[in-house]
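Have a look at upload.txt; it's compact mmCIF, C-alpha atoms:
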```txt
# COMPACT_ATOMS: atom_id res chain seq x y z
CA GLU A 1 -75.60 -53.51 42.27
CA VAL A 2 -76.10 -50.61 44.65
CA GLN A 3 -79.71 -50.11 45.72
CA LEU A 4 -81.40 -47.90 48.26
CA VAL A 5 -85.02 -48.45 49.23
CA GLU A 6 -86.77 -45.92 51.45
CA SER A 7 -89.91 -46.53 53.46
CA GLY A 8 -91.82 -45.09 56.40
CA GLY A 9 -93.35 -42.01 54.87
CA GLY A 10 -96.97 -41.06 55.26
CA LEU A 11 -99.46 -38.49 56.47
CA VAL A 12 -98.85 -37.16 59.97
CA GLN A 13 -100.28 -34.31 62.00
CA PRO A 14 -98.20 -31.29 62.99
CA GLY A 15 -96.18 -32.12 66.07
CA GLY A 16 -96.19 -35.81 65.21
CA SER A 17 -93.35 -38.22 64.52
CA LEU A 18 -92.25 -40.66 61.83
CA ARG A 19 -89.29 -42.96 61.32
CA LEU A 20 -87.95 -43.28 57.82
CA SER A 21 -85.83 -46.26 56.82
CA CYS A 22 -83.33 -46.69 54.01
CA VAL A 23 -82.45 -50.32 53.32
CA ALA A 24 -79.19 -50.63 51.41
CA SER A 25 -77.90 -53.42 49.22
CA GLY A 26 -74.76 -53.78 47.17
CA PHE A 27 -72.65 -51.96 49.76
CA THR A 28 -72.18 -51.68 53.52
CA VAL A 29 -73.72 -48.61 55.16
CA SER A 30 -71.12 -48.57 57.93
CA ASN A 31 -68.33 -48.14 55.35
CA ASN A 32 -69.86 -45.19 53.53
CA PHE A 33 -71.46 -41.77 54.02
CA VAL A 34 -75.25 -42.00 53.83
CA SER A 35 -77.45 -38.95 53.70
CA TRP A 36 -81.05 -37.82 53.56
CA VAL A 37 -82.06 -35.14 51.08
CA ARG A 38 -85.59 -33.82 50.78
CA GLN A 39 -87.59 -32.02 48.13
CA ALA A 40 -90.79 -30.17 48.93
CA PRO A 41 -93.47 -30.31 46.21
CA GLY A 42 -92.36 -28.19 43.25
CA GLN A 43 -89.26 -27.01 45.09
CA GLY A 44 -85.52 -27.65 45.01
CA LEU A 45 -83.29 -30.12 46.78
CA GLU A 46 -82.53 -29.57 50.46
CA TRP A 47 -79.83 -31.51 52.27
CA VAL A 48 -81.19 -32.78 55.61
CA SER A 49 -78.70 -35.01 57.41
CA ILE A 50 -75.73 -37.31 56.98
CA ILE A 51 -74.03 -40.10 58.89
CA TYR A 52 -70.37 -40.65 58.18
CA SER A 53 -68.70 -44.04 58.05
CA GLY A 54 -67.06 -43.23 61.37
CA GLY A 55 -70.44 -42.52 62.93
CA SER A 56 -70.38 -38.72 63.04
CA THR A 57 -73.72 -37.13 62.26
CA TYR A 58 -74.64 -33.71 60.90
CA TYR A 59 -77.90 -31.89 60.34
CA ALA A 60 -79.29 -28.92 58.45
CA ASP A 61 -80.21 -26.04 60.76
CA SER A 62 -83.86 -26.42 59.71
CA VAL A 63 -84.09 -29.88 61.32
CA LYS A 64 -81.46 -29.76 64.07
CA GLY A 65 -82.93 -30.89 67.39
CA ARG A 66 -85.97 -32.46 65.70
CA PHE A 67 -84.50 -35.12 63.38
CA THR A 68 -82.07 -37.90 64.28
CA ILE A 69 -80.11 -40.03 61.86
CA SER A 70 -78.87 -43.46 62.88
CA ARG A 71 -77.90 -46.76 61.34
CA ASP A 72 -78.45 -50.43 62.06
CA ASN A 73 -75.40 -52.24 60.77
CA SER A 74 -76.98 -55.67 61.29
CA LYS A 75 -79.76 -54.73 58.86
CA ASN A 76 -77.61 -52.54 56.62
CA THR A 77 -80.15 -49.80 57.13
CA VAL A 78 -80.08 -46.08 57.88
CA HIS A 79 -82.96 -44.46 59.73
CA LEU A 80 -84.17 -40.90 60.03
CA GLN A 81 -86.34 -40.19 63.05
CA LEU A 82 -88.55 -37.18 62.42
CA SER A 83 -90.08 -35.49 65.48
CA ASN A 84 -92.09 -32.36 66.17
CA LEU A 85 -93.03 -32.27 62.50
CA ARG A 86 -94.13 -29.05 60.84
CA ALA A 87 -96.05 -28.35 57.64
CA GLU A 88 -92.80 -27.18 56.03
CA ASP A 89 -91.33 -30.67 56.52
CA THR A 90 -93.72 -31.95 53.85
CA ALA A 91 -91.49 -33.36 51.13
CA MET A 92 -90.16 -36.37 49.30
CA TYR A 93 -87.30 -37.72 51.39
CA TYR A 94 -84.47 -39.34 49.44
CA CYS A 95 -81.72 -41.53 50.83
CA ALA A 96 -78.39 -41.13 49.04
CA VAL A 97 -74.96 -42.67 49.40
CA LYS A 98 -71.51 -41.36 48.68
CA MET A 99 -69.53 -44.29 47.26
CA THR A 100 -66.52 -42.40 45.93
CA VAL A 101 -64.06 -40.40 48.04
CA ALA A 102 -63.88 -37.49 45.63
CA ALA A 103 -67.54 -37.45 44.58
CA PRO A 104 -70.78 -36.60 46.40
CA PHE A 105 -73.93 -38.72 46.43
CA ASP A 106 -73.72 -40.95 43.40
CA TYR A 107 -76.58 -43.33 44.22
CA TRP A 108 -80.08 -42.30 45.28
CA GLY A 109 -83.20 -44.15 46.31
CA GLN A 110 -86.62 -43.45 44.83
CA GLY A 111 -87.78 -41.56 47.91
CA THR A 112 -90.57 -41.76 50.47
CA LEU A 113 -93.21 -39.05 50.79
CA VAL A 114 -93.88 -37.31 54.08
CA ALA A 115 -96.97 -35.11 54.36
CA VAL A 116 -97.56 -33.04 57.49
CA SER A 117 -101.11 -31.78 57.74
CA SER A 118 -104.01 -31.61 60.16
CA ASP B 1 -73.16 -21.08 56.72
CA ILE B 2 -72.18 -20.98 53.07
CA GLN B 3 -75.04 -20.30 50.65
CA LEU B 4 -75.03 -21.31 46.99
CA THR B 5 -76.88 -19.00 44.60
CA GLN B 6 -77.56 -20.14 41.05
CA SER B 7 -78.34 -17.94 38.10
CA PRO B 8 -80.46 -17.79 36.17
CA SER B 9 -83.36 -19.49 37.96
CA SER B 10 -84.67 -20.61 34.60
CA LEU B 11 -83.75 -20.34 30.97
CA SER B 12 -85.13 -21.22 27.58
CA ALA B 13 -82.77 -21.99 24.73
CA SER B 14 -82.84 -23.59 21.31
CA VAL B 15 -81.51 -27.01 20.44
CA GLY B 16 -77.82 -26.66 19.66
CA ASP B 17 -77.34 -23.55 21.79
CA ARG B 18 -74.56 -23.19 24.30
CA VAL B 19 -76.03 -22.91 27.80
CA THR B 20 -74.22 -21.61 30.88
CA ILE B 21 -75.41 -21.84 34.48
CA THR B 22 -73.59 -20.05 37.27
CA CYS B 23 -73.29 -21.06 40.93
CA ARG B 24 -71.93 -18.46 43.34
CA ALA B 25 -70.89 -19.31 46.89
CA SER B 26 -71.30 -16.77 49.67
CA GLN B 27 -67.67 -17.42 50.62
CA GLY B 28 -64.81 -19.32 49.10
CA ILE B 29 -65.19 -23.07 49.01
CA SER B 30 -62.86 -25.90 48.15
CA ASN B 31 -63.11 -27.86 44.94
CA TYR B 32 -65.81 -30.10 46.40
CA LEU B 33 -68.43 -28.64 44.09
CA ALA B 34 -70.75 -30.85 42.06
CA TRP B 35 -73.62 -30.52 39.61
CA TYR B 36 -76.76 -32.65 39.50
CA GLN B 37 -79.40 -33.01 36.82
CA GLN B 38 -82.98 -33.77 37.78
CA LYS B 39 -85.44 -34.56 35.03
CA PRO B 40 -89.16 -34.13 35.74
CA GLY B 41 -90.44 -36.86 38.03
CA LYS B 42 -87.01 -38.45 38.35
CA VAL B 43 -84.30 -38.83 40.96
CA PRO B 44 -81.31 -36.45 40.75
CA GLU B 45 -78.33 -37.75 38.80
CA LEU B 46 -74.74 -36.74 39.34
CA LEU B 47 -73.22 -34.99 36.32
CA ILE B 48 -69.98 -33.44 37.52
CA TYR B 49 -67.91 -33.51 40.70
CA LEU B 50 -64.69 -31.88 41.89
CA VAL B 51 -65.76 -28.82 39.84
CA SER B 52 -64.95 -30.33 36.46
CA THR B 53 -64.79 -34.15 36.59
CA LEU B 54 -67.45 -35.76 34.45
CA GLN B 55 -69.30 -38.66 36.08
CA SER B 56 -69.06 -41.90 34.11
CA GLY B 57 -71.60 -42.07 31.31
CA VAL B 58 -72.32 -38.32 31.18
CA PRO B 59 -72.14 -36.86 27.66
CA SER B 60 -69.10 -34.75 26.91
CA ARG B 61 -71.26 -31.74 26.01
CA PHE B 62 -71.47 -31.14 29.76
CA SER B 63 -68.54 -29.41 31.43
CA GLY B 64 -67.79 -27.62 34.68
CA SER B 65 -65.33 -24.95 35.67
CA GLY B 66 -64.57 -22.40 38.34
CA SER B 67 -62.86 -21.87 41.66
CA GLY B 68 -63.22 -19.97 44.89
CA THR B 69 -66.75 -18.56 44.86
CA ASP B 70 -67.75 -18.77 41.19
CA PHE B 71 -68.53 -21.98 39.35
CA THR B 72 -70.10 -22.73 35.99
CA LEU B 73 -71.92 -25.59 34.32
CA THR B 74 -71.87 -25.44 30.54
CA ILE B 75 -73.85 -27.46 28.03
CA SER B 76 -72.00 -26.95 24.75
CA SER B 77 -74.89 -27.94 22.48
CA LEU B 78 -78.29 -28.20 24.15
CA GLN B 79 -80.25 -31.36 23.33
CA PRO B 80 -83.94 -32.11 23.91
CA GLU B 81 -83.03 -34.72 26.54
CA ASP B 82 -81.27 -32.01 28.59
CA VAL B 83 -84.59 -30.50 29.68
CA ALA B 84 -84.23 -30.67 33.44
CA THR B 85 -83.46 -28.72 36.57
CA TYR B 86 -79.77 -28.42 37.42
CA TYR B 87 -78.41 -28.03 40.95
CA CYS B 88 -74.97 -27.15 42.19
CA HIS B 89 -73.91 -28.86 45.41
CA LYS B 90 -71.19 -28.21 47.97
CA TYR B 91 -70.10 -31.43 49.62
CA ASN B 92 -67.57 -33.10 51.93
CA SER B 93 -67.99 -30.52 54.67
CA ASP B 94 -70.83 -29.53 56.98
CA PRO B 95 -73.28 -28.19 56.03
CA TRP B 96 -73.72 -29.99 52.74
CA THR B 97 -75.59 -27.47 50.56
CA PHE B 98 -77.53 -27.32 47.30
CA GLY B 99 -78.16 -24.32 45.13
CA GLN B 100 -81.80 -23.43 44.48
CA GLY B 101 -81.78 -24.92 41.00
CA THR B 102 -81.91 -23.74 37.39
CA LYS B 103 -84.71 -24.98 35.16
CA VAL B 104 -83.66 -25.50 31.54
CA GLU B 105 -86.29 -25.63 28.81
CA ILE B 106 -86.24 -25.83 25.03
CA LYS B 107 -87.40 -22.75 23.13
```
Please, can you express the file's structure as structure tokens?
Amino acid sequence: EVQLVESGGGLVQPGGSLRLSCVASGFTVSNNFVSWVRQAPGQGLEWVSIIYSGGSTYYADSVKGRFTISRDNSKNTVHLQLSNLRAEDTAMYYCAVKMTVAAPFDYWGQGTLVAVSS
Amino acid sequence: DIQLTQSPSSLSASVGDRVTITCRASQGISNYLAWYQQKPGKVPELLIYLVSTLQSGVPSRFSGSGSGTDFTLTISSLQPEDVATYYCHKYNSDPWTFGQGTKVEIK
């Protein structure tokens, strides 16, 4: 069974940093595309970043230069390093995986909440 | 970058009504267009991918169509359990993009 469990969220001051983790089970992260999608309170979905099976990484313009996605194959985990955080980064951060070639993200975690406030 | 604009932003319809949601891309995109359903307090669920392919387990009252810049999600007979926000999503090329969402309510 495919499962994604996020952790690492919390309250942080503007300019601060956090590292989010997405522990995967039921599949191998290095063989699939794994992404982070966020949702600000009461708002819509916003794609944040993705790491391809081959290792290529991509970012939304809103986080480029501040966020870094990576993976630890030995722990079957994908990380998202958040730096220079702003109030507008406050959101639920979901980890999602694309298991099917033709489909987008078909499995999602329950999310981890990041709040940026002084 | 390609933007996805959904219309309407919200709608209210009666049980049994046919509901149509439109997703317009700012420039032509391939067939890597999907629709997600997000019920209140829940994680998004994949409904349709490749414009019109129904994800396993999704009721047949949901359908998708379109090409180029204009895509449509149709619910043929709205049910109470369809109350949710629906998002279109462009995938398989950078940047991966979501529409702003359409909130569907029961009248």
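For the residues A:Tyr93, A:Phe105, A:Phe67, A:Tyr52, ranking by smallest atom-to-atom distance to Cys22 (chain A) using only C-alpha atoms places A:Tyr93 first.
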Q.
Contacts from chain A to chain B, 8 Å maximum, only C-alpha atoms: show me the residue list as an MDAnalysis selection string.
A. chainID A and resid 44:47 58:60 102:110
Export, as a short mmCIF file (atom, residue, chain, number, x, y, z; two decimals), in the coordinates of the input, the selected residues with C-alpha atoms.
```
data_model
loop_
_atom_site.label_atom_id
_atom_site.label_comp_id
_atom_site.auth_asym_id
_atom_site.auth_seq_id
_atom_site.Cartn_x
_atom_site.Cartn_y
_atom_site.Cartn_z
CA GLY A 44 -85.52 -27.65 45.01
CA LEU A 45 -83.29 -30.12 46.78
CA GLU A 46 -82.53 -29.57 50.46
CA TRP A 47 -79.83 -31.51 52.27
CA TYR A 58 -74.64 -33.71 60.90
CA TYR A 59 -77.90 -31.89 60.34
CA ALA A 60 -79.29 -28.92 58.45
CA ALA A 102 -63.88 -37.49 45.63
CA ALA A 103 -67.54 -37.45 44.58
CA PRO A 104 -70.78 -36.60 46.40
CA PHE A 105 -73.93 -38.72 46.43
CA ASP A 106 -73.72 -40.95 43.40
CA TYR A 107 -76.58 -43.33 44.22
CA TRP A 108 -80.08 -42.30 45.28
CA GLY A 109 -83.20 -44.15 46.31
CA GLN A 110 -86.62 -43.45 44.83
#
```
Q. In terms of the shortest atom-to-atom distance over all atoms listed in the file, which of A:Ser35, A:Ser74, A:Thr68, A:Asn84 is closest to Ser53 (chain A)?
A.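 Smallest distance to Ser53 (chain A) is found for A:Ser35.
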With 5 Å added on each side, what axis-aligned box encloses every listed atom of region 74-84 of chain B? Give the centre and edge lengths in Å to one decimal, as lines of an AutoDock Vina configuration file.
```
center_x = -78.2
center_y = -30.1
center_z = 28.0
size_x = 22.7
size_y = 19.3
size_z = 21.0
```
Q. Of the candidates B:Cys23, B:Ala84, B:Ile29, B:Val104, which one gets nearest to Thr72 (chain B) if we count all atoms listed in the file?
A.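 Among B:Cys23, B:Ala84, B:Ile29, B:Val104, it is B:Cys23 that comes nearest to Thr72 (chain B).
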Q) Pick from A:Ser7, A:Asp89, A:Lys75, A:Thr112: nearest to Thr28 (chain A), with all atoms listed in the file counted? A)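 Among the listed residues, A:Lys75 lies closest to Thr28 (chain A).
Between CA of Gln3 (chain B) and CA of Gln27 (chain B) the separation is 7.9 Å.
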For the point (-76.3, -18.4, 44.3) in the file's frame, write as a compact mmCIF listing (two decimals) with C-alpha atoms, in the frame of the given file all residues with an atom no more than 6 Å away, counting only C-alpha atoms.
```
# COMPACT_ATOMS: atom_id res chain seq x y z
CA LEU B 4 -75.03 -21.31 46.99
CA THR B 5 -76.88 -19.00 44.60
CA GLN B 6 -77.56 -20.14 41.05
CA CYS B 23 -73.29 -21.06 40.93
CA ARG B 24 -71.93 -18.46 43.34
```
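Going from CA of Ile50 (chain A) over to CA of Phe62 (chain B), you cover 28.2 Å.
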Q.
Just want the 7 Å neighbourhood of Thr90 (chain A), counted on only C-alpha atoms, with same-chain residues fewer than 3 positions away dropped. Output as a count of residues only.
A. 5
Q. Quick one: distance from CA of Thr77 (chain A) to CA of Tyr94 (chain A) in Å, one decimal?
A.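 Separation between CA of Thr77 (chain A) and CA of Tyr94 (chain A): 13.7 Å.
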(Q) Restricting the calculation to all atoms listed in the file: of A:Ser70, A:Gly65, A:Thr57, A:Asn76, which residue gets closest to Ser25 (chain A)? (A) A:Asn76
Can you write region 9-30 of chain B from the block above with N, CA and C atoms, as a PDB file, in the first residue's frame?
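Saved file decode17.pdb follows:
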```
ATOM      1  N   SER B   9     -15.917  30.521 -10.567  1.00  0.00           N
ATOM      2  CA  SER B   9     -15.172  30.316  -9.326  1.00  0.00           C
ATOM      3  C   SER B   9     -15.994  29.527  -8.323  1.00  0.00           C
ATOM      4  N   SER B  10     -17.292  29.653  -8.421  1.00  0.00           N
ATOM      5  CA  SER B  10     -18.202  28.885  -7.580  1.00  0.00           C
ATOM      6  C   SER B  10     -19.532  28.742  -8.282  1.00  0.00           C
ATOM      7  N   LEU B  11     -20.268  27.724  -7.893  1.00  0.00           N
ATOM      8  CA  LEU B  11     -21.588  27.509  -8.451  1.00  0.00           C
ATOM      9  C   LEU B  11     -22.448  26.772  -7.440  1.00  0.00           C
ATOM     10  N   SER B  12     -23.747  26.984  -7.585  1.00  0.00           N
ATOM     11  CA  SER B  12     -24.721  26.309  -6.750  1.00  0.00           C
ATOM     12  C   SER B  12     -25.740  25.663  -7.681  1.00  0.00           C
ATOM     13  N   ALA B  13     -25.944  24.381  -7.536  1.00  0.00           N
ATOM     14  CA  ALA B  13     -26.862  23.662  -8.413  1.00  0.00           C
ATOM     15  C   ALA B  13     -27.674  22.665  -7.604  1.00  0.00           C
ATOM     16  N   SER B  14     -28.747  22.215  -8.202  1.00  0.00           N
ATOM     17  CA  SER B  14     -29.637  21.265  -7.524  1.00  0.00           C
ATOM     18  C   SER B  14     -29.177  19.832  -7.769  1.00  0.00           C
ATOM     19  N   VAL B  15     -29.548  18.956  -6.858  1.00  0.00           N
ATOM     20  CA  VAL B  15     -29.263  17.538  -7.042  1.00  0.00           C
ATOM     21  C   VAL B  15     -29.896  17.079  -8.357  1.00  0.00           C
ATOM     22  N   GLY B  16     -29.117  16.378  -9.149  1.00  0.00           N
ATOM     23  CA  GLY B  16     -29.588  15.896 -10.436  1.00  0.00           C
ATOM     24  C   GLY B  16     -29.237  16.804 -11.602  1.00  0.00           C
ATOM     25  N   ASP B  17     -28.796  18.015 -11.317  1.00  0.00           N
ATOM     26  CA  ASP B  17     -28.422  18.947 -12.381  1.00  0.00           C
ATOM     27  C   ASP B  17     -27.135  18.513 -13.070  1.00  0.00           C
ATOM     28  N   ARG B  18     -27.004  18.942 -14.299  1.00  0.00           N
ATOM     29  CA  ARG B  18     -25.763  18.785 -15.043  1.00  0.00           C
ATOM     30  C   ARG B  18     -24.895  20.005 -14.748  1.00  0.00           C
ATOM     31  N   VAL B  19     -23.663  19.752 -14.345  1.00  0.00           N
ATOM     32  CA  VAL B  19     -22.746  20.826 -13.954  1.00  0.00           C
ATOM     33  C   VAL B  19     -21.525  20.798 -14.870  1.00  0.00           C
ATOM     34  N   THR B  20     -21.129  21.974 -15.340  1.00  0.00           N
ATOM     35  CA  THR B  20     -19.967  22.083 -16.218  1.00  0.00           C
ATOM     36  C   THR B  20     -19.003  23.121 -15.663  1.00  0.00           C
ATOM     37  N   ILE B  21     -17.742  22.723 -15.577  1.00  0.00           N
ATOM     38  CA  ILE B  21     -16.660  23.608 -15.126  1.00  0.00           C
ATOM     39  C   ILE B  21     -15.645  23.706 -16.261  1.00  0.00           C
ATOM     40  N   THR B  22     -15.217  24.927 -16.528  1.00  0.00           N
ATOM     41  CA  THR B  22     -14.289  25.163 -17.628  1.00  0.00           C
ATOM     42  C   THR B  22     -12.900  25.535 -17.103  1.00  0.00           C
ATOM     43  N   CYS B  23     -11.893  25.067 -17.795  1.00  0.00           N
ATOM     44  CA  CYS B  23     -10.495  25.385 -17.485  1.00  0.00           C
ATOM     45  C   CYS B  23      -9.850  25.881 -18.778  1.00  0.00           C
ATOM     46  N   ARG B  24      -9.395  27.115 -18.759  1.00  0.00           N
ATOM     47  CA  ARG B  24      -8.793  27.702 -19.960  1.00  0.00           C
ATOM     48  C   ARG B  24      -7.314  27.960 -19.720  1.00  0.00           C
ATOM     49  N   ALA B  25      -6.484  27.467 -20.623  1.00  0.00           N
ATOM     50  CA  ALA B  25      -5.036  27.672 -20.532  1.00  0.00           C
ATOM     51  C   ALA B  25      -4.644  28.927 -21.307  1.00  0.00           C
ATOM     52  N   SER B  26      -3.629  29.619 -20.809  1.00  0.00           N
ATOM     53  CA  SER B  26      -3.209  30.870 -21.442  1.00  0.00           C
ATOM     54  C   SER B  26      -2.522  30.626 -22.790  1.00  0.00           C
ATOM     55  N   GLN B  27      -2.104  29.399 -23.030  1.00  0.00           N
ATOM     56  CA  GLN B  27      -1.615  28.983 -24.333  1.00  0.00           C
ATOM     57  C   GLN B  27      -1.861  27.492 -24.470  1.00  0.00           C
ATOM     58  N   GLY B  28      -1.773  27.006 -25.684  1.00  0.00           N
ATOM     59  CA  GLY B  28      -2.098  25.606 -25.913  1.00  0.00           C
ATOM     60  C   GLY B  28      -1.229  24.665 -25.108  1.00  0.00           C
ATOM     61  N   ILE B  29      -1.869  23.649 -24.541  1.00  0.00           N
ATOM     62  CA  ILE B  29      -1.133  22.646 -23.786  1.00  0.00           C
ATOM     63  C   ILE B  29      -1.421  21.272 -24.369  1.00  0.00           C
ATOM     64  N   SER B  30      -0.597  20.331 -23.996  1.00  0.00           N
ATOM     65  CA  SER B  30      -0.782  18.966 -24.469  1.00  0.00           C
ATOM     66  C   SER B  30      -1.980  18.358 -23.744  1.00  0.00           C
TER      67      SER B  30
END
```
